[in-house]
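Reproduced below: run19.txt, with compact mmCIF, N, CA and C atoms.
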# COMPACT_ATOMS: atom_id res chain seq x y z
N MET X 1 0.82 -1.19 0.00
CA MET X 1 0.00 0.00 0.00
C MET X 1 0.87 1.25 0.00
N ASN X 2 0.37 2.23 -0.68
CA ASN X 2 1.06 3.50 -0.77
C ASN X 2 0.45 4.46 0.23
N ASN X 3 1.11 4.74 1.33
CA ASN X 3 0.60 5.57 2.43
C ASN X 3 1.35 6.91 2.47
N ARG X 4 1.23 7.70 1.45
CA ARG X 4 1.91 8.98 1.46
C ARG X 4 1.08 10.02 2.21
N LYS X 5 1.75 10.83 3.01
CA LYS X 5 1.06 11.91 3.70
C LYS X 5 1.65 13.23 3.21
N GLY X 6 0.79 14.25 3.07
CA GLY X 6 1.26 15.55 2.62
C GLY X 6 0.62 15.94 1.31
N PHE X 7 1.12 17.07 0.76
CA PHE X 7 0.56 17.62 -0.46
C PHE X 7 1.60 17.56 -1.57
N THR X 8 1.12 17.48 -2.78
CA THR X 8 2.04 17.51 -3.92
C THR X 8 2.40 18.95 -4.21
N LEU X 9 3.45 19.14 -4.99
CA LEU X 9 3.90 20.48 -5.36
C LEU X 9 2.82 21.22 -6.15
N VAL X 10 2.10 20.54 -7.00
CA VAL X 10 1.03 21.15 -7.79
C VAL X 10 -0.08 21.67 -6.87
N GLU X 11 -0.44 20.91 -5.84
CA GLU X 11 -1.49 21.35 -4.91
C GLU X 11 -1.04 22.59 -4.13
N VAL X 12 0.20 22.62 -3.70
CA VAL X 12 0.72 23.78 -2.96
C VAL X 12 0.73 25.02 -3.86
N ILE X 13 1.19 24.86 -5.10
CA ILE X 13 1.21 26.01 -6.03
C ILE X 13 -0.21 26.50 -6.30
N ALA X 14 -1.15 25.60 -6.46
CA ALA X 14 -2.54 25.99 -6.71
C ALA X 14 -3.09 26.81 -5.54
N VAL X 15 -2.81 26.40 -4.32
CA VAL X 15 -3.28 27.14 -3.14
C VAL X 15 -2.63 28.52 -3.09
N VAL X 16 -1.34 28.62 -3.36
CA VAL X 16 -0.64 29.91 -3.34
C VAL X 16 -1.22 30.84 -4.41
N VAL X 17 -1.49 30.33 -5.59
CA VAL X 17 -2.07 31.15 -6.66
C VAL X 17 -3.45 31.65 -6.26
N ILE X 18 -4.27 30.79 -5.69
CA ILE X 18 -5.62 31.19 -5.26
C ILE X 18 -5.54 32.26 -4.18
N LEU X 19 -4.65 32.09 -3.20
CA LEU X 19 -4.48 33.11 -2.15
C LEU X 19 -4.00 34.43 -2.73
N GLY X 20 -3.12 34.36 -3.71
CA GLY X 20 -2.64 35.58 -4.37
C GLY X 20 -3.74 36.34 -5.07
N VAL X 21 -4.62 35.62 -5.76
CA VAL X 21 -5.75 36.25 -6.44
C VAL X 21 -6.70 36.88 -5.43
N VAL X 22 -6.98 36.19 -4.35
CA VAL X 22 -7.86 36.72 -3.31
C VAL X 22 -7.27 38.00 -2.72
N LEU X 23 -5.96 38.00 -2.43
CA LEU X 23 -5.31 39.20 -1.87
C LEU X 23 -5.32 40.35 -2.87
N MET X 24 -5.12 40.06 -4.16
CA MET X 24 -5.15 41.12 -5.16
C MET X 24 -6.51 41.79 -5.23
N ILE X 25 -7.54 41.08 -4.94
CA ILE X 25 -8.90 41.64 -4.95
C ILE X 25 -9.20 42.35 -3.63
N ALA X 26 -8.79 41.76 -2.51
CA ALA X 26 -9.17 42.27 -1.18
C ALA X 26 -8.40 43.51 -0.77
N VAL X 27 -7.10 43.58 -1.01
CA VAL X 27 -6.28 44.69 -0.52
C VAL X 27 -6.74 46.04 -1.07
N PRO X 28 -6.95 46.21 -2.38
CA PRO X 28 -7.44 47.52 -2.86
C PRO X 28 -8.81 47.89 -2.28
N SER X 29 -9.66 46.91 -2.07
CA SER X 29 -10.98 47.19 -1.49
C SER X 29 -10.84 47.71 -0.07
N ILE X 30 -9.96 47.11 0.70
CA ILE X 30 -9.75 47.54 2.09
C ILE X 30 -9.13 48.93 2.12
N THR X 31 -8.17 49.20 1.24
CA THR X 31 -7.54 50.52 1.17
C THR X 31 -8.57 51.58 0.78
N GLY X 32 -9.40 51.27 -0.21
CA GLY X 32 -10.45 52.21 -0.62
C GLY X 32 -11.43 52.49 0.49
N LEU X 33 -11.75 51.48 1.27
CA LEU X 33 -12.65 51.64 2.41
C LEU X 33 -12.05 52.58 3.44
N SER X 34 -10.76 52.45 3.69
CA SER X 34 -10.08 53.32 4.64
C SER X 34 -10.10 54.76 4.16
N ASN X 35 -9.85 55.00 2.87
CA ASN X 35 -9.88 56.36 2.33
C ASN X 35 -11.28 56.95 2.39
N ARG X 36 -12.29 56.16 2.08
CA ARG X 36 -13.67 56.66 2.16
C ARG X 36 -14.04 56.99 3.60
N SER X 37 -13.52 56.23 4.53
CA SER X 37 -13.79 56.49 5.95
C SER X 37 -13.17 57.82 6.37
N LYS X 38 -11.93 58.09 5.95
CA LYS X 38 -11.28 59.37 6.25
C LYS X 38 -12.05 60.52 5.63
N GLU X 39 -12.46 60.33 4.38
CA GLU X 39 -13.21 61.37 3.67
C GLU X 39 -14.52 61.68 4.39
N LYS X 40 -15.22 60.64 4.80
CA LYS X 40 -16.50 60.84 5.50
C LYS X 40 -16.29 61.55 6.83
N GLN X 41 -15.25 61.15 7.59
CA GLN X 41 -15.00 61.77 8.89
C GLN X 41 -14.67 63.25 8.77
N ILE X 42 -13.75 63.61 7.87
CA ILE X 42 -13.35 65.01 7.78
C ILE X 42 -14.48 65.86 7.19
N THR X 43 -15.29 65.29 6.31
CA THR X 43 -16.44 66.03 5.76
C THR X 43 -17.46 66.31 6.85
N GLU X 44 -17.73 65.32 7.69
CA GLU X 44 -18.65 65.54 8.81
C GLU X 44 -18.08 66.53 9.81
N ASP X 45 -16.77 66.45 10.09
CA ASP X 45 -16.15 67.40 11.01
C ASP X 45 -16.15 68.82 10.44
N ALA X 46 -15.95 68.96 9.14
CA ALA X 46 -15.98 70.28 8.51
C ALA X 46 -17.38 70.90 8.64
N LYS X 47 -18.40 70.09 8.43
CA LYS X 47 -19.78 70.58 8.60
C LYS X 47 -20.04 70.97 10.05
N MET X 48 -19.54 70.16 10.98
CA MET X 48 -19.72 70.47 12.41
C MET X 48 -18.98 71.76 12.77
N PHE X 49 -17.76 71.93 12.27
CA PHE X 49 -16.98 73.14 12.50
C PHE X 49 -17.75 74.36 12.00
N GLU X 50 -18.31 74.25 10.80
CA GLU X 50 -19.09 75.34 10.22
C GLU X 50 -20.32 75.65 11.07
N GLU X 51 -21.02 74.61 11.53
CA GLU X 51 -22.21 74.81 12.37
C GLU X 51 -21.84 75.47 13.70
N LEU X 52 -20.69 75.11 14.27
CA LEU X 52 -20.25 75.72 15.53
C LEU X 52 -19.93 77.20 15.32
N VAL X 53 -19.34 77.54 14.19
CA VAL X 53 -19.06 78.95 13.88
C VAL X 53 -20.37 79.71 13.68
N LYS X 54 -21.32 79.12 12.95
CA LYS X 54 -22.63 79.76 12.77
C LYS X 54 -23.28 80.04 14.12
N ALA X 55 -23.25 79.06 15.01
CA ALA X 55 -23.86 79.23 16.34
C ALA X 55 -23.16 80.34 17.11
N LYS X 56 -21.83 80.42 17.00
CA LYS X 56 -21.09 81.48 17.70
C LYS X 56 -21.49 82.85 17.16
N ILE X 57 -21.58 82.99 15.85
CA ILE X 57 -21.94 84.27 15.25
C ILE X 57 -23.35 84.68 15.66
N GLU X 58 -24.27 83.73 15.66
CA GLU X 58 -25.66 84.04 16.00
C GLU X 58 -25.86 84.33 17.49
N SER X 59 -25.03 83.72 18.34
CA SER X 59 -25.24 83.89 19.78
C SER X 59 -24.42 85.03 20.40
N ASP X 60 -23.30 85.40 19.79
CA ASP X 60 -22.44 86.44 20.34
C ASP X 60 -22.84 87.79 19.74
N THR X 61 -23.50 88.62 20.51
CA THR X 61 -24.02 89.90 20.00
C THR X 61 -22.92 90.92 19.75
N THR X 62 -21.69 90.64 20.19
CA THR X 62 -20.59 91.59 19.95
C THR X 62 -19.96 91.40 18.58
N ILE X 63 -20.27 90.31 17.89
CA ILE X 63 -19.68 90.05 16.58
C ILE X 63 -20.48 90.76 15.50
N LYS X 64 -19.82 91.68 14.81
CA LYS X 64 -20.40 92.37 13.66
C LYS X 64 -19.32 92.39 12.58
N ILE X 65 -19.61 91.84 11.42
CA ILE X 65 -18.61 91.66 10.36
C ILE X 65 -19.05 92.44 9.14
N SER X 66 -18.18 93.35 8.67
CA SER X 66 -18.53 94.14 7.49
C SER X 66 -17.98 93.54 6.20
N GLY X 67 -16.84 92.89 6.26
CA GLY X 67 -16.25 92.27 5.07
C GLY X 67 -16.22 90.77 5.24
N THR X 68 -15.03 90.25 5.44
CA THR X 68 -14.87 88.82 5.73
C THR X 68 -14.19 88.66 7.08
N ALA X 69 -14.41 87.53 7.69
CA ALA X 69 -13.78 87.23 8.97
C ALA X 69 -13.36 85.77 8.97
N LYS X 70 -12.36 85.47 9.77
CA LYS X 70 -11.87 84.10 9.90
C LYS X 70 -12.01 83.66 11.35
N PHE X 71 -12.60 82.48 11.54
CA PHE X 71 -12.76 81.90 12.87
C PHE X 71 -11.93 80.62 12.93
N THR X 72 -10.98 80.59 13.84
CA THR X 72 -10.11 79.43 13.97
C THR X 72 -10.74 78.38 14.87
N LEU X 73 -10.10 77.23 14.92
CA LEU X 73 -10.58 76.18 15.84
C LEU X 73 -10.54 76.65 17.29
N LYS X 74 -9.58 77.52 17.61
CA LYS X 74 -9.47 78.03 18.98
C LYS X 74 -10.69 78.86 19.38
N SER X 75 -11.37 79.42 18.40
CA SER X 75 -12.45 80.36 18.68
C SER X 75 -13.79 79.70 18.97
N ILE X 76 -13.88 78.41 18.78
CA ILE X 76 -15.18 77.76 18.96
C ILE X 76 -15.19 76.87 20.18
N GLU X 77 -16.37 76.68 20.72
CA GLU X 77 -16.55 75.73 21.81
C GLU X 77 -17.17 74.48 21.22
N GLY X 78 -16.57 73.37 21.50
CA GLY X 78 -17.04 72.11 20.93
C GLY X 78 -15.86 71.36 20.37
N LYS X 79 -15.96 70.08 20.38
CA LYS X 79 -14.86 69.24 19.92
C LYS X 79 -15.25 68.51 18.65
N LEU X 80 -14.26 68.33 17.80
CA LEU X 80 -14.44 67.54 16.60
C LEU X 80 -13.87 66.15 16.87
N SER X 81 -14.15 65.20 15.95
CA SER X 81 -13.81 63.81 16.23
C SER X 81 -12.34 63.48 16.07
N ALA X 82 -11.55 64.34 15.45
CA ALA X 82 -10.12 64.06 15.25
C ALA X 82 -9.30 65.24 15.78
N ASP X 83 -8.00 65.07 15.78
CA ASP X 83 -7.09 66.10 16.25
C ASP X 83 -6.67 66.95 15.05
N TYR X 84 -7.12 68.21 15.02
CA TYR X 84 -6.88 69.06 13.85
C TYR X 84 -5.85 70.14 14.14
N ASP X 85 -5.23 70.62 13.08
CA ASP X 85 -4.21 71.66 13.11
C ASP X 85 -4.89 73.00 13.36
N GLU X 86 -4.77 73.52 14.58
CA GLU X 86 -5.45 74.77 14.94
C GLU X 86 -4.84 75.98 14.25
N GLU X 87 -3.60 75.88 13.83
CA GLU X 87 -2.93 77.00 13.18
C GLU X 87 -3.44 77.22 11.76
N HIS X 88 -3.80 76.15 11.08
CA HIS X 88 -4.20 76.26 9.68
C HIS X 88 -5.68 76.02 9.43
N SER X 89 -6.41 75.53 10.39
CA SER X 89 -7.84 75.23 10.19
C SER X 89 -8.70 76.42 10.61
N TYR X 90 -9.60 76.83 9.72
CA TYR X 90 -10.47 77.96 10.04
C TYR X 90 -11.70 77.94 9.14
N VAL X 91 -12.69 78.76 9.50
CA VAL X 91 -13.85 79.01 8.66
C VAL X 91 -13.82 80.50 8.31
N GLU X 92 -13.89 80.79 7.02
CA GLU X 92 -13.94 82.17 6.56
C GLU X 92 -15.38 82.51 6.22
N VAL X 93 -15.88 83.60 6.79
CA VAL X 93 -17.28 83.98 6.58
C VAL X 93 -17.35 85.34 5.89
N SER X 94 -18.44 85.54 5.14
CA SER X 94 -18.68 86.84 4.50
C SER X 94 -20.18 86.97 4.25
N GLY X 95 -20.56 88.14 3.80
CA GLY X 95 -21.98 88.40 3.53
C GLY X 95 -22.81 88.40 4.80
N CYS X 96 -22.30 89.04 5.84
CA CYS X 96 -22.96 89.01 7.14
C CYS X 96 -23.89 90.22 7.33
N GLY X 97 -24.94 89.99 8.06
CA GLY X 97 -25.88 91.05 8.38
C GLY X 97 -27.14 90.47 9.01
N TYR X 98 -28.10 91.31 9.22
CA TYR X 98 -29.37 90.87 9.82
C TYR X 98 -30.30 90.35 8.73
N ASN X 99 -30.94 89.22 9.01
CA ASN X 99 -31.90 88.67 8.05
C ASN X 99 -33.31 89.18 8.35
N ASN X 100 -34.32 88.66 7.66
CA ASN X 100 -35.71 89.10 7.83
C ASN X 100 -36.24 88.88 9.25
N ASN X 101 -35.69 87.90 9.95
CA ASN X 101 -36.12 87.60 11.32
C ASN X 101 -35.32 88.39 12.35
N ASN X 102 -34.58 89.42 11.88
CA ASN X 102 -33.74 90.24 12.74
C ASN X 102 -32.69 89.39 13.47
N LYS X 103 -32.20 88.37 12.80
CA LYS X 103 -31.17 87.49 13.34
C LYS X 103 -29.88 87.74 12.56
N TYR X 104 -28.77 87.92 13.26
CA TYR X 104 -27.50 88.19 12.60
C TYR X 104 -26.90 86.88 12.11
N SER X 105 -26.55 86.81 10.83
CA SER X 105 -25.94 85.61 10.27
C SER X 105 -25.13 85.99 9.03
N CYS X 106 -24.43 85.01 8.47
CA CYS X 106 -23.61 85.24 7.28
C CYS X 106 -24.09 84.32 6.16
N SER X 107 -23.88 84.75 4.93
CA SER X 107 -24.37 83.96 3.79
C SER X 107 -23.33 82.98 3.25
N THR X 108 -22.05 83.26 3.47
CA THR X 108 -20.99 82.40 2.92
C THR X 108 -20.09 81.90 4.03
N TYR X 109 -19.89 80.58 4.04
CA TYR X 109 -18.99 79.93 5.00
C TYR X 109 -18.05 79.03 4.21
N ASP X 110 -16.77 79.36 4.17
CA ASP X 110 -15.76 78.53 3.51
C ASP X 110 -14.90 77.89 4.58
N THR X 111 -14.89 76.56 4.62
CA THR X 111 -14.22 75.82 5.68
C THR X 111 -12.91 75.23 5.18
N TYR X 112 -11.86 75.41 5.97
CA TYR X 112 -10.53 74.85 5.71
C TYR X 112 -10.14 74.05 6.94
N LEU X 113 -10.06 72.75 6.80
CA LEU X 113 -9.82 71.88 7.96
C LEU X 113 -8.72 70.88 7.63
N TYR X 114 -7.69 70.84 8.48
CA TYR X 114 -6.55 69.96 8.25
C TYR X 114 -6.21 69.19 9.53
N PRO X 115 -6.08 67.87 9.45
CA PRO X 115 -5.61 67.11 10.61
C PRO X 115 -4.16 67.46 10.93
N LYS X 116 -3.75 67.25 12.19
CA LYS X 116 -2.36 67.51 12.56
C LYS X 116 -1.41 66.60 11.79
N SER X 117 -1.84 65.40 11.50
CA SER X 117 -1.02 64.50 10.69
C SER X 117 -1.93 63.86 9.65
N GLY X 118 -1.38 63.56 8.52
CA GLY X 118 -2.16 62.93 7.47
C GLY X 118 -1.97 63.62 6.14
N ASP X 119 -2.39 62.99 5.11
CA ASP X 119 -2.20 63.49 3.77
C ASP X 119 -3.54 63.88 3.13
N TYR X 120 -4.41 64.46 3.93
CA TYR X 120 -5.72 64.84 3.43
C TYR X 120 -6.21 66.06 4.19
N GLY X 121 -7.24 66.69 3.68
CA GLY X 121 -7.82 67.85 4.33
C GLY X 121 -9.18 68.16 3.72
N TYR X 122 -9.74 69.29 4.12
CA TYR X 122 -11.04 69.74 3.60
C TYR X 122 -10.89 71.21 3.28
N GLU X 123 -11.16 71.59 2.04
CA GLU X 123 -11.07 72.99 1.64
C GLU X 123 -12.35 73.42 0.95
N LYS X 124 -12.94 74.48 1.45
CA LYS X 124 -14.18 75.07 0.96
C LYS X 124 -15.32 74.07 0.92
N ASN X 125 -15.44 73.31 -0.14
CA ASN X 125 -16.61 72.44 -0.28
C ASN X 125 -16.27 70.98 -0.49
N GLY X 126 -15.08 70.56 -0.12
CA GLY X 126 -14.80 69.15 -0.38
C GLY X 126 -13.50 68.62 0.18
N TYR X 127 -13.47 67.32 0.25
CA TYR X 127 -12.33 66.55 0.71
C TYR X 127 -11.22 66.65 -0.32
N ILE X 128 -9.98 66.82 0.14
CA ILE X 128 -8.84 66.84 -0.77
C ILE X 128 -7.76 65.92 -0.24
N GLN X 129 -6.96 65.40 -1.13
CA GLN X 129 -5.81 64.61 -0.73
C GLN X 129 -4.55 65.43 -1.00
N ASN X 130 -3.54 65.23 -0.16
CA ASN X 130 -2.24 65.88 -0.30
C ASN X 130 -2.34 67.40 -0.49
N PRO X 131 -2.92 68.11 0.49
CA PRO X 131 -3.00 69.57 0.35
C PRO X 131 -1.59 70.16 0.31
N GLU X 132 -1.29 70.93 -0.73
CA GLU X 132 0.05 71.48 -0.88
C GLU X 132 0.23 72.76 -0.08
N ASN X 133 -0.74 73.63 -0.13
CA ASN X 133 -0.63 74.92 0.54
C ASN X 133 -1.77 75.08 1.54
N LYS X 134 -1.48 74.81 2.79
CA LYS X 134 -2.47 75.08 3.83
C LYS X 134 -2.47 76.59 4.00
N THR X 135 -3.60 77.21 3.72
CA THR X 135 -3.63 78.66 3.63
C THR X 135 -3.44 79.37 4.96
N GLY X 136 -3.87 78.79 6.04
CA GLY X 136 -3.69 79.42 7.35
C GLY X 136 -4.54 80.67 7.52
N HIS X 137 -4.27 81.40 8.56
CA HIS X 137 -5.02 82.62 8.85
C HIS X 137 -4.06 83.66 9.39
N ASP X 138 -4.47 84.91 9.39
CA ASP X 138 -3.61 85.99 9.85
C ASP X 138 -4.23 86.72 11.02
N CYS X 139 -4.63 86.00 12.04
CA CYS X 139 -5.28 86.62 13.19
C CYS X 139 -4.31 86.87 14.34
N GLY X 140 -3.05 86.57 14.16
CA GLY X 140 -2.09 86.74 15.24
C GLY X 140 -2.45 85.85 16.41
N GLU X 141 -2.50 86.42 17.59
CA GLU X 141 -2.83 85.66 18.79
C GLU X 141 -4.34 85.52 19.01
N LYS X 142 -5.13 86.29 18.26
CA LYS X 142 -6.58 86.25 18.43
C LYS X 142 -7.15 84.98 17.83
N SER X 143 -8.26 84.52 18.36
CA SER X 143 -8.87 83.29 17.87
C SER X 143 -9.78 83.54 16.67
N TRP X 144 -10.17 84.78 16.46
CA TRP X 144 -10.91 85.13 15.24
C TRP X 144 -10.62 86.58 14.91
N CYS X 145 -10.75 86.94 13.62
CA CYS X 145 -10.43 88.31 13.23
C CYS X 145 -11.22 88.69 11.99
N ILE X 146 -11.34 89.98 11.80
CA ILE X 146 -12.05 90.54 10.65
C ILE X 146 -11.02 91.04 9.65
N ASP X 147 -11.17 90.66 8.37
CA ASP X 147 -10.32 91.18 7.30
C ASP X 147 -11.00 92.42 6.76
N GLU X 148 -10.39 93.54 6.93
CA GLU X 148 -10.98 94.80 6.45
C GLU X 148 -10.43 95.16 5.10
This structure in structure tokens:
Amino acid sequence: MNNRKGFTLVEVIAVVVILGVVLMIAVPSITGLSNRSKEKQITEDAKMFEELVKAKIESDTTIKISGTAKFTLKSIEGKLSADYDEEHSYVEVSGCGYNNNNKYSCSTYDTYLYPKSGDYGYEKNGYIQNPENKTGHDCGEKSWCIDE
């Protein structure tokens, strides 16, 4: 009787080829899922940042903006889900005044949000990868300022 135990070389090669094909399909899908997750998180945080700035403008009666103003992360109360670069992340607002309900608000909100580490960010209306020039703000030590 022939009592061989183990696998033949052809069987081992077949298994390796099948595993290789599975990995070629799975790895890009997992990487894409990770990128979509980052995009979703920063987009939600950018919207939250914008909403927090809107709430600050509407609730703080001392804020009156004639041109444009920049509100940094330092200027808002509330936390976002990730650790963001406070030096370069801000919301720029313009078109401010009283609406029909006698409520002070602004018509334009442009959000610039960058994590402290990472190769992605959010500028104005969308997620970006590899931001080359983080625009920053020129408010000095103040947490928000008006550009006259």
* Asked: Pick from X:Asp60, X:Asp45, X:Ser66, X:Tyr98: nearest to X:Tyr112, with only C-alpha atoms counted?
  -> X:Asp45
* Asked: Counting only C-alpha atoms, what is within 7 Å of X:Tyr127, bar same-chain residues fewer than 3 positions away, as a list in words?
  -> Glu39, Thr43, Gly121, Tyr122 and Glu123 of chain X
Output the selection as a compact mmCIF listing (two decimals), in the coordinates of the input - N, CA and C atoms for each residue.
# COMPACT_ATOMS: atom_id res chain seq x y z
N GLU X 39 -12.46 60.33 4.38
CA GLU X 39 -13.21 61.37 3.67
C GLU X 39 -14.52 61.68 4.39
N THR X 43 -15.29 65.29 6.31
CA THR X 43 -16.44 66.03 5.76
C THR X 43 -17.46 66.31 6.85
N GLY X 121 -7.24 66.69 3.68
CA GLY X 121 -7.82 67.85 4.33
C GLY X 121 -9.18 68.16 3.72
N TYR X 122 -9.74 69.29 4.12
CA TYR X 122 -11.04 69.74 3.60
C TYR X 122 -10.89 71.21 3.28
N GLU X 123 -11.16 71.59 2.04
CA GLU X 123 -11.07 72.99 1.64
C GLU X 123 -12.35 73.42 0.95
* Would you mind telling me which residue in X:Ser29, X:Gly95, X:Asp85, X:Lys5 lies nearest to X:Lys116 when using all atoms listed in the file? => X:Asp85
* To do: From the DSSP assignment of the backbone, select every residue of stretch 30-82 of chain X that is helix (DSSP H, G or I), and format the answer as a PyMOL selection string.
  => chain X and resi 30-59+73-75
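Picture a line from atom CA of X:Asn101 to atom C of X:Ile65; it runs 17.9 Å.
Here atom CA of X:Gly118 is placed at a distance of 27.1 Å from atom N of X:Leu23.
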* Asked: So which residues are close to (-18.6, 75.4, 18.5), meaning at most 9 Å away in the file's coordinates with only C-alpha atoms counted, and can you show them as a PyMOL selection string?
  -> chain X and resi 48-56+73+75-79
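Rounded to one decimal, atom N of X:Gly126 and atom CA of X:Ile63 lie 26.1 Å from each other.
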Please rebuild stretch 112-129 of chain X with N, CA, C and O atoms and return the result as an mmCIF file, keeping the file's coordinate frame.
data_model
loop_
_atom_site.group_PDB
_atom_site.id
_atom_site.type_symbol
_atom_site.label_atom_id
_atom_site.label_comp_id
_atom_site.auth_asym_id
_atom_site.auth_seq_id
_atom_site.Cartn_x
_atom_site.Cartn_y
_atom_site.Cartn_z
ATOM 1 N N TYR X 112 -11.860 75.410 5.970
ATOM 2 C CA TYR X 112 -10.530 74.850 5.710
ATOM 3 C C TYR X 112 -10.140 74.050 6.940
ATOM 4 O O TYR X 112 -9.918 74.637 8.006
ATOM 5 N N LEU X 113 -10.060 72.750 6.800
ATOM 6 C CA LEU X 113 -9.820 71.880 7.960
ATOM 7 C C LEU X 113 -8.720 70.880 7.630
ATOM 8 O O LEU X 113 -8.803 70.176 6.622
ATOM 9 N N TYR X 114 -7.690 70.840 8.480
ATOM 10 C CA TYR X 114 -6.550 69.960 8.250
ATOM 11 C C TYR X 114 -6.210 69.190 9.530
ATOM 12 O O TYR X 114 -6.025 69.808 10.575
ATOM 13 N N PRO X 115 -6.080 67.870 9.450
ATOM 14 C CA PRO X 115 -5.610 67.110 10.610
ATOM 15 C C PRO X 115 -4.160 67.460 10.930
ATOM 16 O O PRO X 115 -3.414 67.912 10.054
ATOM 17 N N LYS X 116 -3.750 67.250 12.190
ATOM 18 C CA LYS X 116 -2.360 67.510 12.560
ATOM 19 C C LYS X 116 -1.410 66.600 11.790
ATOM 20 O O LYS X 116 -0.293 66.968 11.496
ATOM 21 N N SER X 117 -1.840 65.400 11.500
ATOM 22 C CA SER X 117 -1.020 64.500 10.690
ATOM 23 C C SER X 117 -1.930 63.860 9.650
ATOM 24 O O SER X 117 -3.112 63.671 9.880
ATOM 25 N N GLY X 118 -1.380 63.560 8.520
ATOM 26 C CA GLY X 118 -2.160 62.930 7.470
ATOM 27 C C GLY X 118 -1.970 63.620 6.140
ATOM 28 O O GLY X 118 -1.463 64.745 6.070
ATOM 29 N N ASP X 119 -2.390 62.990 5.110
ATOM 30 C CA ASP X 119 -2.200 63.490 3.770
ATOM 31 C C ASP X 119 -3.540 63.880 3.130
ATOM 32 O O ASP X 119 -3.757 63.666 1.956
ATOM 33 N N TYR X 120 -4.410 64.460 3.930
ATOM 34 C CA TYR X 120 -5.720 64.840 3.430
ATOM 35 C C TYR X 120 -6.210 66.060 4.190
ATOM 36 O O TYR X 120 -5.664 66.448 5.215
ATOM 37 N N GLY X 121 -7.240 66.690 3.680
ATOM 38 C CA GLY X 121 -7.820 67.850 4.330
ATOM 39 C C GLY X 121 -9.180 68.160 3.720
ATOM 40 O O GLY X 121 -9.704 67.406 2.901
ATOM 41 N N TYR X 122 -9.740 69.290 4.120
ATOM 42 C CA TYR X 122 -11.040 69.740 3.600
ATOM 43 C C TYR X 122 -10.890 71.210 3.280
ATOM 44 O O TYR X 122 -10.512 72.000 4.146
ATOM 45 N N GLU X 123 -11.160 71.590 2.040
ATOM 46 C CA GLU X 123 -11.070 72.990 1.640
ATOM 47 C C GLU X 123 -12.350 73.420 0.950
ATOM 48 O O GLU X 123 -12.782 72.779 -0.006
ATOM 49 N N LYS X 124 -12.940 74.480 1.450
ATOM 50 C CA LYS X 124 -14.180 75.070 0.960
ATOM 51 C C LYS X 124 -15.320 74.070 0.920
ATOM 52 O O LYS X 124 -16.093 74.005 1.837
ATOM 53 N N ASN X 125 -15.440 73.310 -0.140
ATOM 54 C CA ASN X 125 -16.610 72.440 -0.280
ATOM 55 C C ASN X 125 -16.270 70.980 -0.490
ATOM 56 O O ASN X 125 -17.084 70.241 -1.009
ATOM 57 N N GLY X 126 -15.080 70.560 -0.120
ATOM 58 C CA GLY X 126 -14.800 69.150 -0.380
ATOM 59 C C GLY X 126 -13.500 68.620 0.180
ATOM 60 O O GLY X 126 -12.579 69.363 0.517
ATOM 61 N N TYR X 127 -13.470 67.320 0.250
ATOM 62 C CA TYR X 127 -12.330 66.550 0.710
ATOM 63 C C TYR X 127 -11.220 66.650 -0.320
ATOM 64 O O TYR X 127 -11.462 66.599 -1.516
ATOM 65 N N ILE X 128 -9.980 66.820 0.140
ATOM 66 C CA ILE X 128 -8.840 66.840 -0.770
ATOM 67 C C ILE X 128 -7.760 65.920 -0.240
ATOM 68 O O ILE X 128 -7.666 65.678 0.964
ATOM 69 N N GLN X 129 -6.960 65.400 -1.130
ATOM 70 C CA GLN X 129 -5.810 64.610 -0.730
ATOM 71 C C GLN X 129 -4.550 65.430 -1.000
ATOM 72 O O GLN X 129 -4.487 66.203 -1.948
#
